[in-house]
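Asker: Quick one: structure below, then a few questions.
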There are 4 protein chains.
Amino acid sequence: MTEKKRRKPTQKRAQATVEAILEAAFQILEAEGLNNLTTNHIAERAGVSIGTLYQYFEDRDAILLAIAQKESDEIRQLVTEIILETPEISSIRAIVRALIHGPQGSPETRIALSDVLFRNGGATEMSRQHLALLASLQESADVELNLGREATFILTHAAIYLLRAAAAEPELELDTNILEDEIVYLMESYINNLSMRSTRTD
Amino acid sequence: MTEKKRRKPTQKRAQATVEAILEAAFQILEAEGLNNLTTNHIAERAGVSIGTLYQYFEDRDAILLAIAQKESDEIRQLVTEIILETPEISSIRAIVRALIHGPQGSPETRIALSDVLFRNGGATEMSRQHLALLASLQESADVELNLGREATFILTHAAIYLLRAAAAEPELELDTNILEDEIVYLMESYINNLSMRSTRTD
Amino acid sequence: MTEKKRRKPTQKRAQATVEAILEAAFQILEAEGLNNLTTNHIAERAGVSIGTLYQYFEDRDAILLAIAQKESDEIRQLVTEIILETPEISSIRAIVRALIHGPQGSPETRIALSDVLFRNGGATEMSRQHLALLASLQESADVELNLGREATFILTHAAIYLLRAAAAEPELELDTNILEDEIVYLMESYINNLSMRSTRTD
Amino acid sequence: MTEKKRRKPTQKRAQATVEAILEAAFQILEAEGLNNLTTNHIAERAGVSIGTLYQYFEDRDAILLAIAQKESDEIRQLVTEIILETPEISSIRAIVRALIHGPQGSPETRIALSDVLFRNGGATEMSRQHLALLASLQESADVELNLGREATFILTHAAIYLLRAAAAEPELELDTNILEDEIVYLMESYINNLSMRSTRTD
DNA sequence: GATGAATGAGAGTTCATTCAT
DNA sequence: CATGAATGAACTCTCATTCAT
C-alpha cells in the first residue's frame, strides 16, 4: 500500500532521462570521485530536477547499481565477442582479456562499481557472473574437474580480484599484455594441478 | 607548519586512553559497521570525551589506520611464529596460514582495514608487506626466478586478495583448511610454471 | 569548479526565505552580538532549517556580507536623497549626514558590518564607496585640488572612521547634530588648507 | 572565597614566564593571525604548560590586553622621547609621529590590539590615552580653546583612527612621511578653525 | 510527470578552560 | 608551582530525501 513505486521507463522520453542520469553519474564518478557523487550533483549534471531523479531511482545506491550492472553485462558480452572473433584462443584467455579491456573508467570507478555490485546481492548478481565464468573454464580442462567449493572459488575469483588490484595500483605501471599472459599462466597451471589431482583421485 | 600536532601519549593514563579508543573503534566496526563508526560514537564507547579523542587522532581515518597498522604488524609477527613453531612447512604455507588466521574481525572489518591501509600510502605501507612476502617466496623456488613486474605483482597479491574476497563472502562457507591448501597449490603451481620458463629462458 | 553553487532564489517563496534569514541575522546581531550570531541560531530565528540557510549562503560570513552590502547601498542612496531634498547644503554635509543617519543598528552591529565589507574586497567594494565620496568632495573645492595619495586617503576616510569611532563609544554621549557640524568643519578647513597649498604650488 | 586569584609575578622566574607568554602570543598574532591565537598554541610556543599560562592570565583576552597595554605605554613614552629629541617640532607632529612609528606589528595585529584595548574599558584605558593627547594639543593652540565634547572627540580620535585605517590598507602604499604631514595639516587647520570660532565667540 | 525549496539528523572538529597528579 | 590529560558545549556545514506546488 504505502510502498513507493519506482516508475519503469517505458516511454522514449523517460528512457532518455534514465540514460542522462546514468551518464551524468558515471562522468561525475570519473571526474570527481565517489565522495562528490551526490544526488543533487547528478541531477544537475543530467539536466533534470532532483525530484525527477527520485522518480526513477529508489536511492543513490540504485543509480550506482544500475551502472554496475550495465558494465557487468557488457563484459559478459565481450567474452562472447572475443571468442567469436578469435576462436583459436582459450576460454581462459578470452575471459581474462575481457576483464582487462571491458570495464571503463578509472580504478576508483571500477572499485566503486564492483563494491556496489557486491553490496547489493553479493550472493546473487555477482556470483552469477562467477558461475558463467566457471562454466567456461570447465570446458578448458581436458579431464572433468572434480571441484570442491574452495577450488571453484579460486577459479572464479582469482582473475577478477587480481585485475581489480592491478587497476587500483596504477603506480606499478603493469603492462596489460604481459599481465594477461601471467594471469592466464596462473590459472592454467592451477587447472593443470587440479587435473593431476583429479586423475590421481579417480 | 600548519599541521596540527597530535599529542603523543607519554603518561600511563594517556596510553590507556588511546588503547580504549582503539578498542572501542574496533568493537563498533565489528558490531555496527563502518557507517556507524562515528567519532562521537567511538568516544562515547571508549568512555572519553570527544575532545580527548581528537587530542590523539588527527581525524576519523587516523583511528582506522592505527588499528589497521596494528593488525598488519600482528600478521607479520604471526608468519614468523608459524615458521618457528612448524619449521617443516613451506614459506608459502606459512604466509597463507598467517593471512587466514591473523586478521581478526568480520569480513567488513577486514575490508575496511585493508582499505584504509591502502588509502594511506598504498605504495608505502602496504607494498612493504608485499615485498616481505615476496622475499619469502623467492626462497621457495628451486631455481632463481626471473620475475617481471607482472609476475611479482601476482605473487604478492594473489593470496591476500583471494583471502579478502573469501572473507567478504561468508555465505560460500569455505573451509579454511581446504582453502589454505588450494591457495598453496595455486601459488606453488604458478611458481613451478615460472621456474620452467626461467629454466628454458636461461 | 570546486565551488559549490548557491541557489539564487527565483521563486517567491525562496525570496521570502532569504529575506527572513537576513532579517533574523540582523536582529540577532543587534540583540546578542556577533559572537552569538551562529548559523543555527539564525536559521532557527528565521524559521527555516539550517539546510535551507546553506542553500542560499555559502557560509556565515556571506550572510553578514549581504546585510552590509544592503546597508552600503542604502547609504549611497541616502546621500542622493539628502542632496535632492536640501539642495542648499554642501556635498560634504550631505555625505556626513548620510553617514550619521544611514546605518542602522548598534555600534557593535555597525562595526561588524563595516568589518565584513572590508574583509571581502577591502580594495573593491569599500573603496568604490570612498571614490564616489571623493568625487563629490572635489566639487566643493573652489580651485582644482592637486591631491596626493595621502590627502585623498584622508578625505575619503576621515568622516567614515570618526563616525564609526563615535558609534563605538556611546558613553561619550555625543550630540549628532553638533558632531555633524564639527566633522564638516574638520573637512572644510582641511580642504581650504589643500586649496591654499594648491594655489601656492601652481 | 571561591574567587580565583591570579598570581602576580614577583619572582624573577615568574617574570620571565610572563614575558615568554606575551612574546609568544605576539609572534603568533603576527605570523598566524588572531584566529590561530589559541591558548594552547601560545603555551606551546612559550614553552610552558597550558596550566601555567592560566596561573598568570585570567583568560585568553587578558593576554592580548597585556600586550596592548604594553604597546600603549610605549607609544606614550615615544611621544615624550620625540619631544625631547626634537624640541622644535609641534606637539601635534610629535604625537602623530609617535602614532606612526610606535606600534609594532602588522595591520591585523594593530587592529586586534586596539580592539582589545577598547573592549576592556573603552571608557577607561583608551580614553586615558586620548586625554593625555588632548592635553598636549591644548598647548599648541594660541588662544585657549573652548572645546565641546564633539570637538574634543575629533581632536583625540582623528589621528589614531586614520592611522589605524592606513595600516589596515597597505595596498594603498601611503608614504608615511607625507601621511604625517597631511595629518598634521588636517589637525592644525581644524585647530585654527576652532581658534577662530573661539575668538569670535569670546 | 516534473519541479526545486525545504528538511534535519548528524558528521567532523575546535578550543578555552579545569583539576587531579 | 607546574603539568598536561581531559572536558564538552558549540560550531560550521553536508546531503539524501520528501512533498507541496
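By convention in this document, the chains of the C-alpha cells carry letters A, B, ... by their order, each chain's residues are numbered from 1, and ligands are numbered from 1 in the order they are shown.
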Considering only C-alpha atoms (C1' of nucleotides), give me a table of residues in chain E that are at most 7 Å from chain A, with the closest atom pair and distance in Å for each, as CSV.
Answerer:
```
residue,atom,partner,partner_atom,distance
E:DA2,C1',A:Thr52,CA,6.2
E:DT3,C1',A:Ser49,CA,6.2
E:DG4,C1',A:Ser49,CA,6.8
```
Asker: With the cut-off set at 12 Å and counting only C-alpha atoms, tabulate each residue of chain A with an atom at most that distance from an atom of chain C, showing the nearest atom pair and its distance in Å to one decimal, ordered by chain and increasing number, as a Markdown table.
Answerer:
```
| residue | atom | partner | partner_atom | distance |
| --- | --- | --- | --- | --- |
| A:Ala31 | CA | C:Met1 | CA | 11.2 |
| A:Glu32 | CA | C:Thr2 | CA | 9.5 |
| A:Asn36 | CA | C:Thr2 | CA | 10.0 |
| A:Asn40 | CA | C:Lys5 | CA | 11.3 |
| A:His41 | CA | C:Lys4 | CA | 9.9 |
| A:Glu44 | CA | C:Lys5 | CA | 11.0 |
```
Asker: Using only C-alpha atoms (C1' of nucleotides), which residues of chain A come within 8 Å of chain F, and what is the closest atom pair for each, with the distance in Å to one decimal? Give it as JSON lines, sorted by chain and residue number.
Answerer:
```
{"residue": "A:Thr38", "atom": "CA", "partner": "F:DC15", "partner_atom": "C1'", "distance": 7.0}
{"residue": "A:Thr39", "atom": "CA", "partner": "F:DA16", "partner_atom": "C1'", "distance": 7.3}
{"residue": "A:Asp59", "atom": "CA", "partner": "F:DA16", "partner_atom": "C1'", "distance": 7.9}
{"residue": "A:Arg60", "atom": "CA", "partner": "F:DA16", "partner_atom": "C1'", "distance": 7.6}
```
Asker: Do you know which residues are at most 12 Å from Asp61 in chain D counting only C-alpha atoms (C1' of nucleotides), after dropping those on the same chain fewer than 6 positions away, and could you put them as an MDAnalysis selection string?
Answerer: (chainID D and resid 22 25 34 37:39 54 67:68 112:113 115:120) or (chainID E and resid 16)
Asker: Which one of C:Ala132, C:Val96, C:Leu147, C:Leu194 sits closest to Asp181 in chain C if you count only C-alpha atoms?
Answerer: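 Among C:Ala132, C:Val96, C:Leu147, C:Leu194, it is C:Val96 that comes nearest to Asp181 in chain C.
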Asker: Pull the alpha helix (DSSP H) assignments for range 20-199 of chain B out of DSSP run on the backbone, and list those residues as an NGL selection string.
Answerer: :B and (20-32 or 39-46 or 50-56 or 60-85 or 91-101 or 107-119 or 127-140 or 149-168 or 176-199)
Asker: Leaving out Ser91 in chain D and any residue of its chain fewer than 6 positions from it, which residues lie within 12 Å of it when counting only C-alpha atoms (C1' of nucleotides), given as an mmCIF file with N, CA, C and O atoms, in the first residue's frame?
Answerer:
```
data_model
loop_
_atom_site.group_PDB
_atom_site.id
_atom_site.type_symbol
_atom_site.label_atom_id
_atom_site.label_comp_id
_atom_site.auth_asym_id
_atom_site.auth_seq_id
_atom_site.Cartn_x
_atom_site.Cartn_y
_atom_site.Cartn_z
ATOM 1 N N VAL D 79 56.172 59.554 22.529
ATOM 2 C CA VAL D 79 55.834 60.970 22.350
ATOM 3 C C VAL D 79 56.810 61.831 23.140
ATOM 4 O O VAL D 79 57.389 62.793 22.621
ATOM 5 N N THR D 80 57.003 61.487 24.376
ATOM 6 C CA THR D 80 57.936 62.227 25.228
ATOM 7 C C THR D 80 59.328 62.251 24.633
ATOM 8 O O THR D 80 59.974 63.298 24.534
ATOM 9 N N GLU D 81 59.779 61.083 24.204
ATOM 10 C CA GLU D 81 61.129 60.992 23.632
ATOM 11 C C GLU D 81 61.276 61.902 22.422
ATOM 12 O O GLU D 81 62.279 62.594 22.256
ATOM 13 N N ILE D 82 60.258 61.868 21.563
ATOM 14 C CA ILE D 82 60.345 62.668 20.343
ATOM 15 C C ILE D 82 60.440 64.150 20.681
ATOM 16 O O ILE D 82 61.245 64.886 20.106
ATOM 17 N N ILE D 83 59.652 64.584 21.665
ATOM 18 C CA ILE D 83 59.680 65.994 22.031
ATOM 19 C C ILE D 83 61.030 66.377 22.623
ATOM 20 O O ILE D 83 61.579 67.445 22.339
ATOM 21 N N LEU D 84 61.584 65.478 23.403
ATOM 22 C CA LEU D 84 62.897 65.776 23.985
ATOM 23 C C LEU D 84 63.978 65.837 22.913
ATOM 24 O O LEU D 84 64.843 66.704 22.931
ATOM 25 N N ARG D 97 53.725 61.504 14.847
ATOM 26 C CA ARG D 97 54.914 60.713 14.525
ATOM 27 C C ARG D 97 55.005 59.480 15.429
ATOM 28 O O ARG D 97 55.331 58.379 14.981
ATOM 29 N N ALA D 98 54.705 59.672 16.683
ATOM 30 C CA ALA D 98 54.750 58.544 17.623
ATOM 31 C C ALA D 98 53.703 57.490 17.241
ATOM 32 O O ALA D 98 53.968 56.279 17.288
ATOM 33 N N ALA D 132 45.434 62.375 27.483
ATOM 34 C CA ALA D 132 46.830 62.813 27.502
ATOM 35 C C ALA D 132 47.141 63.518 26.190
ATOM 36 O O ALA D 132 47.791 64.572 26.152
ATOM 37 N N LEU D 133 46.634 62.937 25.127
ATOM 38 C CA LEU D 133 46.813 63.509 23.808
ATOM 39 C C LEU D 133 46.219 64.913 23.749
ATOM 40 O O LEU D 133 46.841 65.861 23.242
ATOM 41 N N LEU D 134 45.027 65.019 24.297
ATOM 42 C CA LEU D 134 44.345 66.302 24.252
ATOM 43 C C LEU D 134 45.120 67.377 24.998
ATOM 44 O O LEU D 134 45.260 68.515 24.530
ATOM 45 N N ALA D 135 45.636 67.023 26.153
ATOM 46 C CA ALA D 135 46.394 67.978 26.961
ATOM 47 C C ALA D 135 47.531 68.567 26.140
ATOM 48 O O ALA D 135 47.755 69.791 26.121
ATOM 49 N N SER D 136 48.216 67.717 25.417
ATOM 50 C CA SER D 136 49.306 68.179 24.570
ATOM 51 C C SER D 136 48.804 69.127 23.503
ATOM 52 O O SER D 136 49.422 70.155 23.208
ATOM 53 N N LEU D 137 47.666 68.776 22.934
ATOM 54 C CA LEU D 137 47.143 69.579 21.837
ATOM 55 C C LEU D 137 46.754 70.979 22.295
ATOM 56 O O LEU D 137 46.988 71.967 21.599
ATOM 57 N N GLN D 138 46.171 71.050 23.465
ATOM 58 C CA GLN D 138 45.762 72.343 24.013
ATOM 59 C C GLN D 138 46.936 73.316 24.005
ATOM 60 O O GLN D 138 46.796 74.502 23.714
ATOM 61 N N GLU D 139 48.109 72.821 24.326
ATOM 62 C CA GLU D 139 49.290 73.682 24.385
ATOM 63 C C GLU D 139 49.603 74.301 23.023
ATOM 64 O O GLU D 139 50.173 75.385 22.931
ATOM 65 N N SER D 140 49.254 73.586 21.979
ATOM 66 C CA SER D 140 49.597 74.051 20.638
ATOM 67 C C SER D 140 48.782 75.267 20.214
ATOM 68 O O SER D 140 49.198 76.046 19.350
ATOM 69 N N ALA D 141 47.622 75.390 20.786
ATOM 70 C CA ALA D 141 46.734 76.456 20.341
ATOM 71 C C ALA D 141 47.165 77.807 20.945
ATOM 72 O O ALA D 141 47.599 77.874 22.093
ATOM 73 N N VAL D 184 49.038 66.147 10.127
ATOM 74 C CA VAL D 184 49.361 67.355 10.894
ATOM 75 C C VAL D 184 48.594 68.548 10.325
ATOM 76 O O VAL D 184 47.995 69.324 11.076
ATOM 77 N N MET D 187 44.922 68.389 11.293
ATOM 78 C CA MET D 187 44.626 68.754 12.676
ATOM 79 C C MET D 187 44.913 70.227 12.924
ATOM 80 O O MET D 187 44.158 70.903 13.636
ATOM 81 N N GLU D 188 45.958 70.721 12.343
ATOM 82 C CA GLU D 188 46.278 72.135 12.550
ATOM 83 C C GLU D 188 45.216 73.038 11.944
ATOM 84 O O GLU D 188 44.827 74.048 12.549
#
```
Asker: Could you check the closest approach to Leu172 in chain C for each of D:Ser90, D:Gln77, D:Thr152, D:Asn35 and tell me which residue wins, using only C-alpha atoms?
Answerer: D:Thr152
Asker: If you measure from CA of Pro87 in chain D to CA of Met196 in chain D, what distance in Å do you get, rounded to one decimal?
Answerer: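 Rounded to one decimal, the two atoms are 26.5 Å apart.
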Asker: Do you know which residues are at most 10 Å from Tyr185 in chain D counting only C-alpha atoms (C1' of nucleotides), after dropping those on the same chain fewer than 2 positions away, and could you put them as a list in words?
Answerer: Ala151, Ser189, Tyr190, Asn193 and Leu194 of chain C; Ile92, Arg93, Leu179, Glu180, Asp181, Glu182, Ile183, Met187, Glu188, Ser189, Tyr190 and Ile191 of chain D
Asker: Take the residues from that selection and put them in a file with N, CA and C atoms, as a PDB file, in the first residue's frame.
Answerer:
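Saved the output as part.pdb:
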```
ATOM      1  N   ALA C 151      46.553  62.685   0.850  1.00  0.00           N
ATOM      2  CA  ALA C 151      45.450  63.616   1.075  1.00  0.00           C
ATOM      3  C   ALA C 151      44.128  62.971   0.649  1.00  0.00           C
ATOM      4  N   SER C 189      37.932  72.781   6.628  1.00  0.00           N
ATOM      5  CA  SER C 189      39.173  73.514   6.895  1.00  0.00           C
ATOM      6  C   SER C 189      40.363  72.791   6.256  1.00  0.00           C
ATOM      7  N   TYR C 190      40.289  71.491   6.203  1.00  0.00           N
ATOM      8  CA  TYR C 190      41.376  70.739   5.547  1.00  0.00           C
ATOM      9  C   TYR C 190      41.371  71.018   4.052  1.00  0.00           C
ATOM     10  N   ASN C 193      42.842  74.296   3.439  1.00  0.00           N
ATOM     11  CA  ASN C 193      44.288  74.177   3.559  1.00  0.00           C
ATOM     12  C   ASN C 193      44.880  73.612   2.275  1.00  0.00           C
ATOM     13  N   LEU C 194      44.241  72.599   1.747  1.00  0.00           N
ATOM     14  CA  LEU C 194      44.703  71.987   0.491  1.00  0.00           C
ATOM     15  C   LEU C 194      44.634  73.007  -0.648  1.00  0.00           C
TER      16      LEU C 194
ATOM     17  N   ILE D  92      51.638  68.407  18.109  1.00  0.00           N
ATOM     18  CA  ILE D  92      50.818  67.611  17.200  1.00  0.00           C
ATOM     19  C   ILE D  92      51.677  66.675  16.370  1.00  0.00           C
ATOM     20  N   ARG D  93      52.732  67.233  15.798  1.00  0.00           N
ATOM     21  CA  ARG D  93      53.595  66.409  14.963  1.00  0.00           C
ATOM     22  C   ARG D  93      54.262  65.296  15.785  1.00  0.00           C
ATOM     23  N   LEU D 179      52.160  61.179   4.832  1.00  0.00           N
ATOM     24  CA  LEU D 179      50.961  60.976   5.642  1.00  0.00           C
ATOM     25  C   LEU D 179      51.078  61.750   6.950  1.00  0.00           C
ATOM     26  N   GLU D 180      52.241  61.730   7.535  1.00  0.00           N
ATOM     27  CA  GLU D 180      52.468  62.511   8.757  1.00  0.00           C
ATOM     28  C   GLU D 180      52.164  63.984   8.490  1.00  0.00           C
ATOM     29  N   ASP D 181      52.733  64.503   7.426  1.00  0.00           N
ATOM     30  CA  ASP D 181      52.479  65.904   7.071  1.00  0.00           C
ATOM     31  C   ASP D 181      50.985  66.184   6.947  1.00  0.00           C
ATOM     32  N   GLU D 182      50.319  65.346   6.194  1.00  0.00           N
ATOM     33  CA  GLU D 182      48.916  65.630   5.890  1.00  0.00           C
ATOM     34  C   GLU D 182      48.038  65.553   7.125  1.00  0.00           C
ATOM     35  N   ILE D 183      48.327  64.599   7.984  1.00  0.00           N
ATOM     36  CA  ILE D 183      47.527  64.515   9.206  1.00  0.00           C
ATOM     37  C   ILE D 183      47.802  65.718  10.103  1.00  0.00           C
ATOM     38  N   MET D 187      44.922  68.389  11.293  1.00  0.00           N
ATOM     39  CA  MET D 187      44.626  68.754  12.676  1.00  0.00           C
ATOM     40  C   MET D 187      44.913  70.227  12.924  1.00  0.00           C
ATOM     41  N   GLU D 188      45.958  70.721  12.343  1.00  0.00           N
ATOM     42  CA  GLU D 188      46.278  72.135  12.550  1.00  0.00           C
ATOM     43  C   GLU D 188      45.216  73.038  11.944  1.00  0.00           C
ATOM     44  N   SER D 189      44.761  72.663  10.766  1.00  0.00           N
ATOM     45  CA  SER D 189      43.748  73.539  10.164  1.00  0.00           C
ATOM     46  C   SER D 189      42.440  73.471  10.960  1.00  0.00           C
ATOM     47  N   TYR D 190      42.174  72.311  11.522  1.00  0.00           N
ATOM     48  CA  TYR D 190      40.974  72.203  12.360  1.00  0.00           C
ATOM     49  C   TYR D 190      41.134  73.035  13.634  1.00  0.00           C
ATOM     50  N   ILE D 191      42.327  72.992  14.210  1.00  0.00           N
ATOM     51  CA  ILE D 191      42.564  73.781  15.424  1.00  0.00           C
ATOM     52  C   ILE D 191      42.477  75.271  15.108  1.00  0.00           C
TER      53      ILE D 191
END
```
Asker: Identify, on the basis of only C-alpha atoms (C1' of nucleotides), every residue whose closest approach to Leu174 in chain D does not exceed 9 Å; exclude the query and any residue fewer than 5 positions from it along the same chain; express the result as a list of chain:residue names.
Answerer: C:Arg149, C:Glu150, C:Phe153, D:Ala166, D:Glu169, D:Leu179
